[in-house]
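**Student:** Before anything else, here's the structure in question.
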Amino acid sequence: MQQLDRIQLLHRQFNSSKRAIHIDELARMCECSAEVVKRTIKMMRELWNAPIFHDKARKGYRYSINDDHVLHPLPGLWLTSDELQALASVLAITESLNQGLMSDALKNIESTLHKLLLSKDIKPENFTHIIQYIAQGHSLIDNTIFNPIVNALLTHKQLTIRYTNYQQTSTQREVSPLKLVNYRQNWYLDAYCEKRHGLRTFHLSRITFAALTNTPARRIDPEQQAKHFTPAYGIFAGPATDTASLIFRGAAAFEVAKQEWHPEQIGQWQGDAYHLNLPFGEPTELVRDILQFGPDVEVLAPESLQELVKARLKAAIERYG
């Protein structure tokens, strides 16, 4: 958790609680040590005159309660990094959509967000100048594809789709749609595929035809979906069948040490190198992400993943003669 996020979290906890909160509980909330919490509280006192009272009897901290019981404010617009990203995203969307059925509703949302900024003495136009949201690398989806898929999800009906995979092999499928997922700026469909008799994930940009049918969609237990779609690395997860062991060096080590590649990853420093272990199944996306770090990453295990990365690197070198 970043320092500014800790300040915001502590501020909200103190504003919402009249009792002193034990230092160990604050440390757990902030995902840091008690000493880091104390340093953060000291900063809040010194920089913003935050009236934080130390209750020795309870070994905790709280805001001093004034006569009017008015919440203590922090200057400026205080949001966590996730909240700021969400705010910037919504403002970018409302500005980009100026026509269609949702435009009026989105304008109401935009107006509310502008009022929030103005209440903090921040001009909305200034906010969009200093906070920029860039949606890069997303695939364009034809509405003749997107709309039947959404309708099938809402009405719990099966879809007939024509799907072209990465190798440009095209097949026709009958699928029961389960969930639309936006991942790395692209849309994916989790569904049960009647042709393959199992759960699959389809990249919407590779669906060349989609038609709603009158056949009720197959019901899949949510726990069964979770076991299939969430255990392994990446969007085309499936069940985790192996564990990748990677070691990063140089600047890449410091970058990856701050990233979450998978909720169940295990990362640790080994001298100047960062060692990362994570579960994976279908390796395509993991191989692509490993390759972006070039010589700064090494696959230690399994051997099958190591060979896939070596083959891609060899093919790239041969491309240049």
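Chain identifiers are assigned as A, B, and so on, following the order in which chains appear in the structure tokens; residues are numbered from 1 within each chain, and ligands are numbered from 1 in order of appearance.
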Could you pull out the residues in stretch 140-247 of chain A that DSSP calls strand (DSSP E) from the backbone, as a PyMOL selection string?
**Tutor:** chain A and resi 157-164+170-183+186-193+198-203+207-216+242-247
**Student:** Which polymer residues have any atom within 8 Å of an atom of A:Ile145, counting only C-alpha atoms, with same-chain residues fewer than 3 positions away left out, as a ChimeraX atom specification?
**Tutor:** /A:141-142,148-149,204,207-211
**Student:** Hey, can you spit out that residue selection with N, CA and C atoms as an mmCIF file, in the first residue's frame?
**Tutor:**
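Saved result, result_18.cif, follows:
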```
data_model
loop_
_atom_site.group_PDB
_atom_site.id
_atom_site.type_symbol
_atom_site.label_atom_id
_atom_site.label_comp_id
_atom_site.auth_asym_id
_atom_site.auth_seq_id
_atom_site.Cartn_x
_atom_site.Cartn_y
_atom_site.Cartn_z
ATOM 1 N N ILE A 141 -14.851 -3.866 -31.192
ATOM 2 C CA ILE A 141 -15.879 -4.906 -31.263
ATOM 3 C C ILE A 141 -17.085 -4.360 -32.016
ATOM 4 N N ASP A 142 -17.486 -5.074 -33.062
ATOM 5 C CA ASP A 142 -18.657 -4.677 -33.842
ATOM 6 C C ASP A 142 -19.913 -4.870 -32.987
ATOM 7 N N PRO A 148 -25.776 -9.122 -29.448
ATOM 8 C CA PRO A 148 -26.366 -10.449 -29.198
ATOM 9 C C PRO A 148 -25.773 -11.138 -27.969
ATOM 10 N N ILE A 149 -24.493 -10.921 -27.719
ATOM 11 C CA ILE A 149 -23.850 -11.541 -26.563
ATOM 12 C C ILE A 149 -24.427 -10.980 -25.264
ATOM 13 N N LEU A 204 -13.629 -11.577 -27.631
ATOM 14 C CA LEU A 204 -14.724 -11.083 -28.469
ATOM 15 C C LEU A 204 -14.250 -10.607 -29.828
ATOM 16 N N ILE A 207 -14.569 -13.297 -32.426
ATOM 17 C CA ILE A 207 -15.895 -13.798 -32.788
ATOM 18 C C ILE A 207 -16.352 -13.038 -34.034
ATOM 19 N N THR A 208 -16.535 -13.749 -35.131
ATOM 20 C CA THR A 208 -16.898 -13.105 -36.400
ATOM 21 C C THR A 208 -18.395 -13.150 -36.664
ATOM 22 N N PHE A 209 -19.120 -13.952 -35.882
ATOM 23 C CA PHE A 209 -20.575 -14.034 -36.037
ATOM 24 C C PHE A 209 -21.164 -14.427 -34.690
ATOM 25 N N ALA A 210 -22.291 -13.790 -34.321
ATOM 26 C CA ALA A 210 -22.978 -14.141 -33.074
ATOM 27 C C ALA A 210 -24.471 -13.965 -33.274
ATOM 28 N N ALA A 211 -25.241 -14.994 -32.919
ATOM 29 C CA ALA A 211 -26.697 -14.937 -33.063
ATOM 30 C C ALA A 211 -27.355 -15.545 -31.834
#
```
**Student:** What is the atom CA of A:Arg288-atom CA of A:Ala88 distance in Å, reported with one decimal?
**Tutor:**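 Answer for the atom CA of A:Arg288 to atom CA of A:Ala88 separation: 28.5 Å.
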**Student:** Leaving out A:Ala20 and any residue of its chain fewer than 5 positions from it, which residues lie within 9 Å of it when counting only C-alpha atoms, given as a VMD selection string?
**Tutor:** chain A and resid 14 53 to 55 58 to 63
**Student:** For stretch 215-221 of chain A, please output as a PyMOL selection string all residues within 10 Å (counting only C-alpha atoms; exclusion window: fewer than 5 positions along the same chain).
**Tutor:** chain A and resi 152-153+155-159+174-178+191-194+199+226
**Student:** Output all heavy atoms for every residue in that selection, as a tab-separated table (two decimals), in the first residue's frame.
**Tutor:**
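So the final result, stored in selection_18.tsv, reads:
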```
chain	number	residue	atom	x	y	z
A	152	ALA	N	-27.95	-12.25	-24.82
A	152	ALA	CA	-27.96	-13.66	-24.41
A	152	ALA	C	-27.68	-13.79	-22.91
A	152	ALA	O	-28.28	-14.61	-22.21
A	152	ALA	CB	-26.93	-14.45	-25.21
A	153	LEU	N	-26.76	-12.95	-22.41
A	153	LEU	CA	-26.46	-12.98	-20.98
A	153	LEU	C	-27.66	-12.52	-20.16
A	153	LEU	O	-27.97	-13.10	-19.11
A	153	LEU	CB	-25.26	-12.07	-20.69
A	153	LEU	CG	-23.88	-12.65	-21.05
A	153	LEU	CD1	-22.85	-11.54	-21.16
A	153	LEU	CD2	-23.44	-13.67	-20.01
A	155	THR	N	-30.87	-12.57	-21.02
A	155	THR	CA	-32.06	-13.42	-21.17
A	155	THR	C	-31.77	-14.90	-20.89
A	155	THR	O	-32.67	-15.73	-20.99
A	155	THR	CB	-32.63	-13.29	-22.59
A	155	THR	OG1	-31.61	-13.66	-23.55
A	155	THR	CG2	-33.09	-11.86	-22.86
A	156	HIS	N	-30.51	-15.23	-20.56
A	156	HIS	CA	-30.09	-16.60	-20.24
A	156	HIS	C	-30.40	-17.55	-21.41
A	156	HIS	O	-30.97	-18.62	-21.23
A	156	HIS	CB	-30.78	-17.10	-18.96
A	156	HIS	CG	-30.57	-16.21	-17.78
A	156	HIS	ND1	-29.35	-16.08	-17.14
A	156	HIS	CD2	-31.42	-15.37	-17.13
A	156	HIS	CE1	-29.46	-15.22	-16.15
A	156	HIS	NE2	-30.69	-14.77	-16.12
A	157	LYS	N	-30.01	-17.11	-22.60
A	157	LYS	CA	-30.19	-17.94	-23.81
A	157	LYS	C	-28.83	-18.33	-24.39
A	157	LYS	O	-27.82	-17.66	-24.16
A	157	LYS	CB	-30.98	-17.16	-24.87
A	157	LYS	CG	-32.41	-16.84	-24.45
A	157	LYS	CD	-33.25	-18.09	-24.32
A	157	LYS	CE	-34.69	-17.78	-23.90
A	157	LYS	NZ	-35.39	-16.92	-24.87
A	158	GLN	N	-28.81	-19.43	-25.15
A	158	GLN	CA	-27.59	-19.85	-25.82
A	158	GLN	C	-27.30	-18.97	-27.03
A	158	GLN	O	-28.19	-18.30	-27.56
A	158	GLN	CB	-27.69	-21.31	-26.25
A	158	GLN	CG	-27.50	-22.30	-25.13
A	158	GLN	CD	-27.33	-23.73	-25.65
A	158	GLN	OE1	-27.31	-23.97	-26.86
A	158	GLN	NE2	-27.20	-24.68	-24.73
A	159	LEU	N	-26.03	-19.01	-27.44
A	159	LEU	CA	-25.57	-18.27	-28.62
A	159	LEU	C	-24.99	-19.24	-29.63
A	159	LEU	O	-24.40	-20.26	-29.27
A	159	LEU	CB	-24.47	-17.29	-28.24
A	159	LEU	CG	-24.82	-15.96	-27.60
A	159	LEU	CD1	-23.56	-15.33	-27.03
A	159	LEU	CD2	-25.46	-15.02	-28.62
A	174	GLU	N	-21.91	-23.68	-30.32
A	174	GLU	CA	-23.10	-23.35	-29.54
A	174	GLU	C	-22.61	-23.17	-28.10
A	174	GLU	O	-22.02	-24.10	-27.52
A	174	GLU	CB	-24.14	-24.47	-29.60
A	174	GLU	CG	-24.57	-24.86	-31.01
A	174	GLU	CD	-25.27	-23.73	-31.74
A	174	GLU	OE1	-26.02	-22.98	-31.07
A	174	GLU	OE2	-25.07	-23.62	-32.95
A	175	VAL	N	-22.83	-21.98	-27.54
A	175	VAL	CA	-22.29	-21.71	-26.21
A	175	VAL	C	-23.37	-21.14	-25.29
A	175	VAL	O	-24.31	-20.49	-25.74
A	175	VAL	CB	-21.10	-20.71	-26.29
A	175	VAL	CG1	-19.99	-21.26	-27.15
A	175	VAL	CG2	-21.55	-19.34	-26.77
A	176	SER	N	-23.20	-21.43	-24.01
A	176	SER	CA	-24.04	-20.84	-22.97
A	176	SER	C	-23.21	-19.75	-22.29
A	176	SER	O	-22.28	-20.06	-21.54
A	176	SER	CB	-24.46	-21.89	-21.94
A	176	SER	OG	-25.31	-22.84	-22.52
A	177	PRO	N	-23.51	-18.48	-22.56
A	177	PRO	CA	-22.71	-17.39	-21.99
A	177	PRO	C	-22.89	-17.28	-20.48
A	177	PRO	O	-24.00	-17.42	-19.97
A	177	PRO	CB	-23.23	-16.15	-22.71
A	177	PRO	CG	-24.61	-16.50	-23.12
A	177	PRO	CD	-24.61	-17.97	-23.40
A	178	LEU	N	-21.80	-17.02	-19.78
A	178	LEU	CA	-21.83	-16.94	-18.33
A	178	LEU	C	-21.46	-15.55	-17.81
A	178	LEU	O	-22.07	-15.04	-16.89
A	178	LEU	CB	-20.85	-17.95	-17.72
A	178	LEU	CG	-21.10	-19.42	-18.08
A	178	LEU	CD1	-19.95	-20.29	-17.61
A	178	LEU	CD2	-22.41	-19.89	-17.45
A	191	ALA	N	-17.87	-18.82	-21.05
A	191	ALA	CA	-19.05	-19.56	-21.50
A	191	ALA	C	-18.82	-21.05	-21.40
A	191	ALA	O	-17.67	-21.52	-21.27
A	191	ALA	CB	-19.39	-19.18	-22.94
A	192	TYR	N	-19.93	-21.80	-21.45
A	192	TYR	CA	-19.85	-23.25	-21.58
A	192	TYR	C	-19.99	-23.58	-23.06
A	192	TYR	O	-20.98	-23.20	-23.70
A	192	TYR	CB	-20.94	-23.97	-20.77
A	192	TYR	CG	-20.83	-25.48	-20.85
A	192	TYR	CD1	-20.07	-26.18	-19.91
A	192	TYR	CD2	-21.47	-26.19	-21.86
A	192	TYR	CE1	-19.96	-27.56	-19.98
A	192	TYR	CE2	-21.35	-27.57	-21.94
A	192	TYR	CZ	-20.59	-28.25	-21.00
A	192	TYR	OH	-20.47	-29.61	-21.09
A	193	CYS	N	-19.02	-24.28	-23.61
A	193	CYS	CA	-19.01	-24.62	-25.03
A	193	CYS	C	-19.55	-26.03	-25.23
A	193	CYS	O	-18.98	-27.01	-24.71
A	193	CYS	CB	-17.59	-24.51	-25.58
A	193	CYS	SG	-17.45	-24.95	-27.33
A	194	GLU	N	-20.65	-26.14	-26.00
A	194	GLU	CA	-21.25	-27.46	-26.26
A	194	GLU	C	-20.35	-28.30	-27.15
A	194	GLU	O	-20.33	-29.53	-27.05
A	194	GLU	CB	-22.64	-27.28	-26.91
A	194	GLU	CG	-23.65	-26.53	-26.04
A	194	GLU	CD	-24.05	-27.30	-24.79
A	194	GLU	OE1	-23.86	-28.53	-24.76
A	194	GLU	OE2	-24.56	-26.67	-23.84
A	199	LEU	N	-15.96	-25.57	-20.05
A	199	LEU	CA	-15.88	-24.12	-19.89
A	199	LEU	C	-14.75	-23.56	-20.74
A	199	LEU	O	-13.65	-24.12	-20.79
A	199	LEU	CB	-15.67	-23.77	-18.42
A	199	LEU	CG	-16.80	-24.16	-17.46
A	199	LEU	CD1	-16.37	-24.00	-16.01
A	199	LEU	CD2	-18.04	-23.34	-17.74
A	226	ALA	N	-15.72	-20.69	-10.65
A	226	ALA	CA	-14.57	-20.12	-9.94
A	226	ALA	C	-13.38	-21.06	-9.98
A	226	ALA	O	-12.23	-20.63	-10.16
A	226	ALA	CB	-14.95	-19.79	-8.51
```
